[in-house]
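Participant: This is the structure I want to talk about, given as structure tokens.
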Amino acid sequence: ASTLGSAAAAQGRYFGTAVSINKLSDATYSSILNREFNSVTAENEMKIDALEPQQNQFNYTTADRLITLANGMGAKVRGHTLAWHSQQPGWMQSMSGTALRSAMKNHITQVMTHYKGKIDSWDVVNEAFDDSNGGRRDSNLQRTGNDWIEDAFKTARAADPAVKLCYNDYNTDNWTWAKTQGVYNMVKDFKARGVPIDCVGFQSHFNSGSPYPSNYRTTLQNFADLGVDVQITELDIEGSGTTQANTYANVVRDCLAVTRCNGITVWGIRDSDSWRASGTPLLFDANGNPKQAYTSTLAALGGS
Ligand code: G3I
């Protein structure tokens, strides 16, 4: 296989990227997208502020273009994201209590109903844990009650019983970190009590403060052993050259070593498409040329 997507498919996995709809008119961007990837995630267009700008008034026009694009590519779609403290529309930011809880559930139900049958995995809840202490992040959603996460997952299952429901977070890669343990204990508890959850997304934004950990494979396997799929959902790795290329290959090998690691998504195509203001964290350079990291990733997937 000579592309990321086809090499991953030969391993029974997908290889995806975040897509920014407004870049689709860029011919270089589009040609790499169509050639290399078999899964897509909207970088911003399926977030709460984008889909429900006014309460109970939904705008699917831009996000629907991603579905059309994915269908044309034969690609899966990861839905991102239904409940999150960030990128809430103004009306939601100012809500609290039972009104906010109801609004969260209505958003989940409406959006999942609209996209029924069109999405492979939904990030139902994103980034709900605190960065340092392993507990919950403070947010307007958290202040509606500690059961808001399970309420979100139960609402999601009722809206679409067929789609995979994921919890997605960052800095949950190192097995020894308190945040990783916090999320692990939540998933374990959900499984024990029958709260619906099918997958855990590891964003995997690796940089000097949060480097790729040597126990990454252990983390993925331990979560998988709870009975969930694991997915690498927003991969980018700061650095360059051989060091960066080796880290990308290690990440791929770790995923392939875990049976239930069923897909990898990078958070953008070219370095110039990255959300990071500086750096070169992706697989293609600003001109769209494949980097050393591309070659090592493809090789680790068994392609060439
Ligand atoms: O579209 C508006 C534009 O109209 C406006 O003029 C401009 C001025 O600020 O902002 C534009 O919106 C920006 C948007 O990206 C689209 O480019 C927002 O300000 C900016 O905040 C937003 O950043 C996104 C960020 O999430 C917001 O939380 C990044 O693109 C996106 O890559 C990033 O993705 C997150 C994942 O969803 C969750 N995990 C972490 C990851 C990286 O931060």
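In the structure tokens, chains take the letters A, B, ... in the order shown, each chain's residues start at 1, and ligands count up from 1 in the order shown.
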Collect all residues with atoms no farther than 9 Å from ligand 1, counting only C-alpha atoms and all ligand atoms, and output them as a ChimeraX atom specification.

Facilitator: /A:18,20,42-45,47,80-81,86-87,126-127,168-170,203,205,233-234,267-268,273-276

Participant: Next, dump the selected residues to file, keeping only C-alpha atoms, as a tab-separated table (two decimals), in the first residue's frame.

Facilitator:
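Written file, result.tsv:
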```
chain	number	residue	atom	x	y	z
A	18	ALA	CA	-8.89	16.82	10.82
A	20	SER	CA	-11.13	22.47	7.78
A	42	ALA	CA	-14.26	18.34	11.28
A	43	GLU	CA	-11.66	20.57	12.94
A	44	ASN	CA	-14.33	23.07	14.07
A	45	GLU	CA	-17.50	22.68	12.00
A	47	LYS	CA	-18.67	21.84	17.45
A	80	HIS	CA	-16.44	16.08	17.15
A	81	THR	CA	-17.90	17.05	19.63
A	86	SER	CA	-15.14	25.16	25.12
A	87	GLN	CA	-16.53	26.50	21.84
A	126	ASN	CA	-14.58	16.16	25.25
A	127	GLU	CA	-11.95	17.22	27.79
A	168	ASN	CA	-12.05	12.13	24.16
A	169	ASP	CA	-9.26	13.95	26.02
A	170	TYR	CA	-5.61	15.11	25.97
A	203	GLN	CA	-5.88	13.23	21.37
A	205	HIS	CA	-0.91	16.33	21.06
A	233	THR	CA	-7.85	11.17	17.60
A	234	GLU	CA	-5.80	14.38	17.19
A	267	TRP	CA	-4.86	16.97	13.56
A	268	GLY	CA	-4.34	18.55	10.15
A	273	ASP	CA	-2.66	23.80	8.65
A	274	SER	CA	-1.85	23.08	12.30
A	275	TRP	CA	-3.72	24.79	15.13
A	276	ARG	CA	-0.32	25.41	16.70
```

Participant: Excluding region 140-150 of chain A and residues on its chain fewer than 5 positions from it, collect all residues at most 10 Å away from it, counting only C-alpha atoms, and give them as an mmCIF file with N, CA, C and O atoms, in the first residue's frame.

Facilitator:
```
data_model
loop_
_atom_site.group_PDB
_atom_site.id
_atom_site.type_symbol
_atom_site.label_atom_id
_atom_site.label_comp_id
_atom_site.auth_asym_id
_atom_site.auth_seq_id
_atom_site.Cartn_x
_atom_site.Cartn_y
_atom_site.Cartn_z
ATOM 1 N N ALA A 83 -20.528 17.531 23.661
ATOM 2 C CA ALA A 83 -20.585 18.215 24.966
ATOM 3 C C ALA A 83 -19.165 18.575 25.376
ATOM 4 O O ALA A 83 -18.293 17.703 25.494
ATOM 5 N N TRP A 84 -18.924 19.870 25.583
ATOM 6 C CA TRP A 84 -17.571 20.381 25.817
ATOM 7 C C TRP A 84 -17.700 21.727 26.524
ATOM 8 O O TRP A 84 -18.649 22.469 26.269
ATOM 9 N N HIS A 85 -16.701 22.035 27.367
ATOM 10 C CA HIS A 85 -16.745 23.335 28.052
ATOM 11 C C HIS A 85 -16.353 24.476 27.122
ATOM 12 O O HIS A 85 -16.610 25.635 27.410
ATOM 13 N N MET A 92 -25.233 29.396 25.377
ATOM 14 C CA MET A 92 -24.982 28.251 26.267
ATOM 15 C C MET A 92 -23.998 28.627 27.373
ATOM 16 O O MET A 92 -24.129 28.190 28.520
ATOM 17 N N GLN A 93 -22.997 29.453 27.014
ATOM 18 C CA GLN A 93 -22.009 29.881 28.021
ATOM 19 C C GLN A 93 -22.665 30.544 29.217
ATOM 20 O O GLN A 93 -22.182 30.449 30.339
ATOM 21 N N SER A 94 -23.767 31.211 28.982
ATOM 22 C CA SER A 94 -24.402 31.949 30.090
ATOM 23 C C SER A 94 -25.458 31.118 30.806
ATOM 24 O O SER A 94 -26.139 31.626 31.702
ATOM 25 N N MET A 95 -25.584 29.854 30.438
ATOM 26 C CA MET A 95 -26.592 29.006 31.087
ATOM 27 C C MET A 95 -26.006 28.229 32.252
ATOM 28 O O MET A 95 -24.809 28.036 32.369
ATOM 29 N N SER A 96 -26.901 27.720 33.109
ATOM 30 C CA SER A 96 -26.468 26.887 34.235
ATOM 31 C C SER A 96 -27.621 25.973 34.653
ATOM 32 O O SER A 96 -28.741 26.069 34.130
ATOM 33 N N GLY A 97 -27.300 25.082 35.577
ATOM 34 C CA GLY A 97 -28.328 24.268 36.227
ATOM 35 C C GLY A 97 -29.130 23.388 35.273
ATOM 36 O O GLY A 97 -28.614 22.913 34.254
ATOM 37 N N THR A 98 -30.377 23.178 35.612
ATOM 38 C CA THR A 98 -31.202 22.245 34.835
ATOM 39 C C THR A 98 -31.444 22.752 33.418
ATOM 40 O O THR A 98 -31.595 21.949 32.493
ATOM 41 N N ALA A 99 -31.473 24.069 33.235
ATOM 42 C CA ALA A 99 -31.669 24.604 31.881
ATOM 43 C C ALA A 99 -30.485 24.220 30.990
ATOM 44 O O ALA A 99 -30.666 23.793 29.845
ATOM 45 N N LEU A 100 -29.271 24.336 31.527
ATOM 46 C CA LEU A 100 -28.078 23.948 30.760
ATOM 47 C C LEU A 100 -28.065 22.440 30.507
ATOM 48 O O LEU A 100 -27.756 21.989 29.400
ATOM 49 N N ARG A 101 -28.385 21.666 31.537
ATOM 50 C CA ARG A 101 -28.419 20.204 31.353
ATOM 51 C C ARG A 101 -29.393 19.824 30.237
ATOM 52 O O ARG A 101 -29.092 18.987 29.374
ATOM 53 N N MET A 104 -27.935 20.798 26.861
ATOM 54 C CA MET A 104 -26.897 19.841 26.455
ATOM 55 C C MET A 104 -27.546 18.597 25.840
ATOM 56 O O MET A 104 -27.143 18.124 24.771
ATOM 57 N N LYS A 105 -28.554 18.078 26.525
ATOM 58 C CA LYS A 105 -29.205 16.850 26.045
ATOM 59 C C LYS A 105 -29.950 17.091 24.733
ATOM 60 O O LYS A 105 -29.924 16.251 23.829
ATOM 61 N N VAL A 124 -18.680 12.129 22.305
ATOM 62 C CA VAL A 124 -19.863 12.598 23.034
ATOM 63 C C VAL A 124 -19.445 13.667 24.035
ATOM 64 O O VAL A 124 -20.057 14.722 24.136
ATOM 65 N N VAL A 125 -18.390 13.378 24.771
ATOM 66 C CA VAL A 125 -17.879 14.330 25.771
ATOM 67 C C VAL A 125 -16.388 14.530 25.522
ATOM 68 O O VAL A 125 -15.637 13.574 25.336
ATOM 69 N N ASN A 126 -15.971 15.790 25.545
ATOM 70 C CA ASN A 126 -14.585 16.160 25.250
ATOM 71 C C ASN A 126 -13.971 16.891 26.444
ATOM 72 O O ASN A 126 -14.578 17.825 26.986
ATOM 73 N N ALA A 128 -13.235 16.636 29.761
ATOM 74 C CA ALA A 128 -13.980 16.921 31.004
ATOM 75 C C ALA A 128 -13.139 16.771 32.263
ATOM 76 O O ALA A 128 -13.640 17.011 33.364
ATOM 77 N N PHE A 129 -11.869 16.376 32.113
ATOM 78 C CA PHE A 129 -11.031 16.168 33.302
ATOM 79 C C PHE A 129 -10.006 17.273 33.486
ATOM 80 O O PHE A 129 -9.492 17.850 32.524
ATOM 81 N N THR A 155 -28.024 9.801 26.842
ATOM 82 C CA THR A 155 -28.803 10.562 25.853
ATOM 83 C C THR A 155 -28.338 10.208 24.440
ATOM 84 O O THR A 155 -29.151 10.025 23.525
ATOM 85 N N ALA A 156 -27.035 10.077 24.295
ATOM 86 C CA ALA A 156 -26.465 9.752 22.979
ATOM 87 C C ALA A 156 -26.903 8.359 22.520
ATOM 88 O O ALA A 156 -27.286 8.172 21.362
ATOM 89 N N TYR A 167 -15.430 8.920 24.684
ATOM 90 C CA TYR A 167 -14.914 9.984 25.542
ATOM 91 C C TYR A 167 -13.542 10.366 24.991
ATOM 92 O O TYR A 167 -12.715 9.486 24.724
ATOM 93 N N MET A 186 -13.170 6.452 35.488
ATOM 94 C CA MET A 186 -14.523 6.765 35.010
ATOM 95 C C MET A 186 -15.012 5.692 34.029
ATOM 96 O O MET A 186 -16.149 5.204 34.133
ATOM 97 N N PHE A 190 -18.151 3.263 34.427
ATOM 98 C CA PHE A 190 -19.241 3.219 33.433
ATOM 99 C C PHE A 190 -19.490 1.786 32.987
ATOM 100 O O PHE A 190 -20.628 1.341 32.871
ATOM 101 N N VAL A 195 -23.249 2.057 31.986
ATOM 102 C CA VAL A 195 -23.397 3.338 31.274
ATOM 103 C C VAL A 195 -22.793 3.146 29.880
ATOM 104 O O VAL A 195 -21.659 2.671 29.756
ATOM 105 N N PRO A 196 -23.524 3.479 28.818
ATOM 106 C CA PRO A 196 -23.022 3.182 27.474
ATOM 107 C C PRO A 196 -21.786 3.999 27.101
ATOM 108 O O PRO A 196 -21.822 5.218 27.123
ATOM 109 N N ILE A 197 -20.705 3.304 26.781
ATOM 110 C CA ILE A 197 -19.488 3.932 26.240
ATOM 111 C C ILE A 197 -18.779 2.878 25.406
ATOM 112 O O ILE A 197 -18.652 1.732 25.826
#
```

Participant: According to DSSP computed on the backbone, where in region 107-279 of chain A is there strand (DSSP E)? Give the residues as a ChimeraX atom specification.

Facilitator: /A:121-126,164-169,199-202,205-206,229-237,261-266

Participant: Could those residues be written to a file, using C-alpha atoms, as a PDB file, in the first residue's frame?

Facilitator:
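Dumped to part_27.pdb:
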```pdb
ATOM      1  CA  SER A 121     -17.771   7.430  16.170  1.00  0.00           C
ATOM      2  CA  TRP A 122     -18.972  10.468  18.099  1.00  0.00           C
ATOM      3  CA  ASP A 123     -16.908  12.328  20.662  1.00  0.00           C
ATOM      4  CA  VAL A 124     -19.863  12.598  23.034  1.00  0.00           C
ATOM      5  CA  VAL A 125     -17.879  14.330  25.771  1.00  0.00           C
ATOM      6  CA  ASN A 126     -14.585  16.160  25.250  1.00  0.00           C
ATOM      7  CA  LYS A 164     -19.872   4.367  18.606  1.00  0.00           C
ATOM      8  CA  LEU A 165     -19.831   6.701  21.602  1.00  0.00           C
ATOM      9  CA  CYS A 166     -16.430   8.019  22.700  1.00  0.00           C
ATOM     10  CA  TYR A 167     -14.914   9.984  25.542  1.00  0.00           C
ATOM     11  CA  ASN A 168     -12.051  12.129  24.164  1.00  0.00           C
ATOM     12  CA  ASP A 169      -9.256  13.948  26.020  1.00  0.00           C
ATOM     13  CA  CYS A 199     -14.494   4.069  22.799  1.00  0.00           C
ATOM     14  CA  VAL A 200     -11.914   6.361  24.298  1.00  0.00           C
ATOM     15  CA  GLY A 201     -10.101   8.930  22.176  1.00  0.00           C
ATOM     16  CA  PHE A 202      -6.513   9.859  22.982  1.00  0.00           C
ATOM     17  CA  HIS A 205      -0.911  16.328  21.062  1.00  0.00           C
ATOM     18  CA  PHE A 206       2.726  15.632  21.903  1.00  0.00           C
ATOM     19  CA  ASP A 229     -12.130   0.603  21.439  1.00  0.00           C
ATOM     20  CA  VAL A 230      -9.283   3.078  21.649  1.00  0.00           C
ATOM     21  CA  GLN A 231      -8.556   5.633  18.962  1.00  0.00           C
ATOM     22  CA  ILE A 232      -5.772   8.158  18.481  1.00  0.00           C
ATOM     23  CA  THR A 233      -7.852  11.175  17.604  1.00  0.00           C
ATOM     24  CA  GLU A 234      -5.805  14.381  17.195  1.00  0.00           C
ATOM     25  CA  LEU A 235      -2.208  13.309  16.734  1.00  0.00           C
ATOM     26  CA  ASP A 236       0.483  15.905  16.230  1.00  0.00           C
ATOM     27  CA  ILE A 237       4.105  15.770  17.388  1.00  0.00           C
ATOM     28  CA  CYS A 261      -6.836   0.453  18.651  1.00  0.00           C
ATOM     29  CA  ASN A 262      -8.864   0.787  15.475  1.00  0.00           C
ATOM     30  CA  GLY A 263      -7.762   4.101  14.036  1.00  0.00           C
ATOM     31  CA  ILE A 264      -5.404   7.068  14.026  1.00  0.00           C
ATOM     32  CA  THR A 265      -6.293  10.651  13.134  1.00  0.00           C
ATOM     33  CA  VAL A 266      -3.732  13.438  12.677  1.00  0.00           C
TER      34      VAL A 266
END
```

Participant: Out of A:Gln88, A:Ser132, A:Thr243, A:Asn287, which residue has the shortest atom-to-atom distance to Thr28 (chain A) when counting only C-alpha atoms?

Facilitator: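 Of the candidates, the smallest distance to Thr28 (chain A) is held by A:Asn287.
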
Participant: Contacts between region 176-181 of chain A and region 110-141 of chain A, please, where a residue of region 110-141 of chain A counts if it comes within 9 Å (with only C-alpha atoms); show its shortest atom pair and distance in Å to one decimal, rows by chain and ascending number, as CSV.

Facilitator:
```
residue,atom,partner,partner_atom,distance
A:Phe129,CA,A:Lys179,CA,6.7
A:Asp130,CA,A:Lys179,CA,6.8
A:Asp131,CA,A:Lys179,CA,6.2
A:Ser132,CA,A:Lys179,CA,6.5
A:Asn133,CA,A:Ala178,CA,5.9
A:Gly134,CA,A:Lys179,CA,4.0
A:Gly135,CA,A:Lys179,CA,7.2
```

Participant: With a distance cut-off of 6 Å and only C-alpha atoms, select the neighbouring residues of region 108-113 of chain A, excluding the residue or stretch itself and same-chain residues fewer than 2 positions from it, and output the selection as a PyMOL selection string.

Facilitator: chain A and resi 82+105-106+115-116+159

Participant: Go ahead and save the picked residues with N, CA and C atoms, as a PDB file, in the first residue's frame.

Facilitator:
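Written out: selection07.pdb:
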```pdb
ATOM      1  N   LEU A  82     -19.918  16.737  20.978  1.00  0.00           N
ATOM      2  CA  LEU A  82     -21.298  17.077  21.388  1.00  0.00           C
ATOM      3  C   LEU A  82     -21.389  17.840  22.705  1.00  0.00           C
ATOM      4  N   LYS A 105     -28.554  18.078  26.525  1.00  0.00           N
ATOM      5  CA  LYS A 105     -29.205  16.850  26.045  1.00  0.00           C
ATOM      6  C   LYS A 105     -29.950  17.091  24.733  1.00  0.00           C
ATOM      7  N   ASN A 106     -30.581  18.249  24.622  1.00  0.00           N
ATOM      8  CA  ASN A 106     -31.281  18.574  23.374  1.00  0.00           C
ATOM      9  C   ASN A 106     -30.285  18.661  22.217  1.00  0.00           C
ATOM     10  N   TYR A 115     -27.470  13.330  12.059  1.00  0.00           N
ATOM     11  CA  TYR A 115     -26.352  12.587  11.446  1.00  0.00           C
ATOM     12  C   TYR A 115     -26.464  11.066  11.583  1.00  0.00           C
ATOM     13  N   LYS A 116     -27.636  10.593  11.952  1.00  0.00           N
ATOM     14  CA  LYS A 116     -27.832   9.150  12.130  1.00  0.00           C
ATOM     15  C   LYS A 116     -27.403   8.381  10.880  1.00  0.00           C
ATOM     16  N   ALA A 159     -30.366   8.402  21.295  1.00  0.00           N
ATOM     17  CA  ALA A 159     -30.544   9.120  20.022  1.00  0.00           C
ATOM     18  C   ALA A 159     -30.118   8.268  18.835  1.00  0.00           C
TER      19      ALA A 159
END
```

Participant: Identify, with DSSP run on backbone atoms, the residues in region 60-159 of chain A assigned to alpha helix (DSSP H), and express the list as a ChimeraX atom specification.

Facilitator: /A:61-73,90-93,97-114,148-159

Participant: Please produce a file of the residues just selected, as a compact mmCIF listing (two decimals), in the first residue's frame, where the atoms kept are N, CA and C atoms.

Facilitator:
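After the write, out.txt holds the following:
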```txt
# COMPACT_ATOMS: atom_id res chain seq x y z
N THR A 61 -25.36 23.33 7.47
CA THR A 61 -24.95 23.48 6.07
C THR A 61 -23.46 23.17 5.87
N THR A 62 -22.61 23.80 6.68
CA THR A 62 -21.17 23.61 6.48
C THR A 62 -20.75 22.20 6.86
N ALA A 63 -21.23 21.73 7.99
CA ALA A 63 -20.83 20.40 8.45
C ALA A 63 -21.31 19.31 7.48
N ASP A 64 -22.47 19.52 6.87
CA ASP A 64 -22.96 18.52 5.92
C ASP A 64 -22.01 18.35 4.73
N ARG A 65 -21.25 19.40 4.42
CA ARG A 65 -20.29 19.28 3.32
C ARG A 65 -19.23 18.24 3.63
N LEU A 66 -18.91 18.10 4.91
CA LEU A 66 -17.92 17.09 5.30
C LEU A 66 -18.46 15.68 5.06
N ILE A 67 -19.74 15.49 5.32
CA ILE A 67 -20.35 14.18 5.09
C ILE A 67 -20.33 13.85 3.60
N THR A 68 -20.69 14.84 2.79
CA THR A 68 -20.68 14.64 1.33
C THR A 68 -19.28 14.30 0.85
N LEU A 69 -18.31 15.06 1.37
CA LEU A 69 -16.91 14.82 1.01
C LEU A 69 -16.49 13.41 1.40
N ALA A 70 -16.81 13.02 2.63
CA ALA A 70 -16.41 11.70 3.13
C ALA A 70 -17.05 10.60 2.30
N ASN A 71 -18.31 10.78 1.96
CA ASN A 71 -18.99 9.77 1.13
C ASN A 71 -18.27 9.62 -0.20
N GLY A 72 -17.88 10.74 -0.80
CA GLY A 72 -17.17 10.71 -2.08
C GLY A 72 -15.82 10.02 -1.97
N MET A 73 -15.18 10.17 -0.81
CA MET A 73 -13.86 9.56 -0.58
C MET A 73 -13.97 8.11 -0.11
N GLY A 90 -22.61 31.56 22.67
CA GLY A 90 -22.81 32.52 23.75
C GLY A 90 -24.01 32.19 24.63
N TRP A 91 -25.09 31.79 24.01
CA TRP A 91 -26.30 31.51 24.79
C TRP A 91 -26.06 30.36 25.77
N MET A 92 -25.23 29.40 25.38
CA MET A 92 -24.98 28.25 26.27
C MET A 92 -24.00 28.63 27.37
N GLN A 93 -23.00 29.45 27.01
CA GLN A 93 -22.01 29.88 28.02
C GLN A 93 -22.67 30.54 29.22
N GLY A 97 -27.30 25.08 35.58
CA GLY A 97 -28.33 24.27 36.23
C GLY A 97 -29.13 23.39 35.27
N THR A 98 -30.38 23.18 35.61
CA THR A 98 -31.20 22.24 34.84
C THR A 98 -31.44 22.75 33.42
N ALA A 99 -31.47 24.07 33.23
CA ALA A 99 -31.67 24.60 31.88
C ALA A 99 -30.48 24.22 30.99
N LEU A 100 -29.27 24.34 31.53
CA LEU A 100 -28.08 23.95 30.76
C LEU A 100 -28.07 22.44 30.51
N ARG A 101 -28.38 21.67 31.54
CA ARG A 101 -28.42 20.20 31.35
C ARG A 101 -29.39 19.82 30.24
N SER A 102 -30.56 20.43 30.23
CA SER A 102 -31.56 20.15 29.18
C SER A 102 -31.05 20.59 27.82
N ALA A 103 -30.39 21.73 27.78
CA ALA A 103 -29.86 22.24 26.50
C ALA A 103 -28.78 21.30 25.96
N MET A 104 -27.93 20.80 26.86
CA MET A 104 -26.90 19.84 26.46
C MET A 104 -27.55 18.60 25.84
N LYS A 105 -28.55 18.08 26.53
CA LYS A 105 -29.20 16.85 26.05
C LYS A 105 -29.95 17.09 24.73
N ASN A 106 -30.58 18.25 24.62
CA ASN A 106 -31.28 18.57 23.37
C ASN A 106 -30.28 18.66 22.22
N HIS A 107 -29.13 19.28 22.47
CA HIS A 107 -28.10 19.39 21.43
C HIS A 107 -27.66 17.99 20.97
N ILE A 108 -27.39 17.13 21.93
CA ILE A 108 -26.96 15.76 21.60
C ILE A 108 -28.03 15.05 20.77
N THR A 109 -29.25 15.13 21.22
CA THR A 109 -30.33 14.41 20.54
C THR A 109 -30.55 14.93 19.12
N GLN A 110 -30.61 16.26 18.99
CA GLN A 110 -30.89 16.84 17.66
C GLN A 110 -29.75 16.54 16.68
N VAL A 111 -28.52 16.77 17.12
CA VAL A 111 -27.39 16.61 16.20
C VAL A 111 -27.21 15.13 15.83
N MET A 112 -27.32 14.25 16.81
CA MET A 112 -27.14 12.82 16.50
C MET A 112 -28.26 12.30 15.62
N THR A 113 -29.44 12.83 15.79
CA THR A 113 -30.56 12.42 14.92
C THR A 113 -30.29 12.88 13.49
N HIS A 114 -29.82 14.12 13.35
CA HIS A 114 -29.52 14.64 12.00
C HIS A 114 -28.47 13.76 11.30
N TRP A 148 -23.25 14.59 34.80
CA TRP A 148 -23.51 15.14 33.46
C TRP A 148 -22.88 14.29 32.36
N ILE A 149 -21.75 13.66 32.65
CA ILE A 149 -21.09 12.87 31.59
C ILE A 149 -21.92 11.61 31.28
N GLU A 150 -22.34 10.91 32.31
CA GLU A 150 -23.13 9.71 32.02
C GLU A 150 -24.48 10.08 31.42
N ASP A 151 -25.03 11.21 31.84
CA ASP A 151 -26.29 11.68 31.25
C ASP A 151 -26.09 11.92 29.74
N ALA A 152 -24.95 12.50 29.39
CA ALA A 152 -24.65 12.75 27.98
C ALA A 152 -24.57 11.43 27.20
N PHE A 153 -23.88 10.44 27.76
CA PHE A 153 -23.73 9.17 27.06
C PHE A 153 -25.07 8.43 26.94
N LYS A 154 -25.88 8.46 27.98
CA LYS A 154 -27.20 7.80 27.91
C LYS A 154 -28.09 8.48 26.88
N THR A 155 -28.02 9.80 26.84
CA THR A 155 -28.80 10.56 25.85
C THR A 155 -28.34 10.21 24.44
N ALA A 156 -27.04 10.08 24.29
CA ALA A 156 -26.47 9.75 22.98
C ALA A 156 -26.90 8.36 22.52
N ARG A 157 -26.85 7.39 23.42
CA ARG A 157 -27.25 6.03 23.04
C ARG A 157 -28.71 5.98 22.62
N ALA A 158 -29.54 6.73 23.33
CA ALA A 158 -30.97 6.76 22.99
C ALA A 158 -31.18 7.41 21.62
N ALA A 159 -30.37 8.40 21.29
CA ALA A 159 -30.54 9.12 20.02
C ALA A 159 -30.12 8.27 18.83
```

Participant: So that I can see what lies close to Thr3 (chain A), please list as a CSV table (one decimal) with C-alpha atoms, in the first residue's frame the residues with an atom at most 7 Å from it, counting only C-alpha atoms and leaving out residues fewer than 4 positions away in the same chain.

Facilitator:
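Wrote it out as selection_13.csv, contents follow:
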```
chain,number,residue,atom,x,y,z
A,7,ALA,CA,-1.9,0.9,4.5
A,36,GLU,CA,-4.1,9.7,1.7
A,298,LEU,CA,3.7,4.8,6.2
```

Participant: So which one's closest to Thr41 (chain A), A:Ile269, A:Gln55, A:Ser208, A:Ala9? Using only C-alpha atoms, please.

Facilitator: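 Ranked by minimum distance to Thr41 (chain A), first place goes to A:Ile269.
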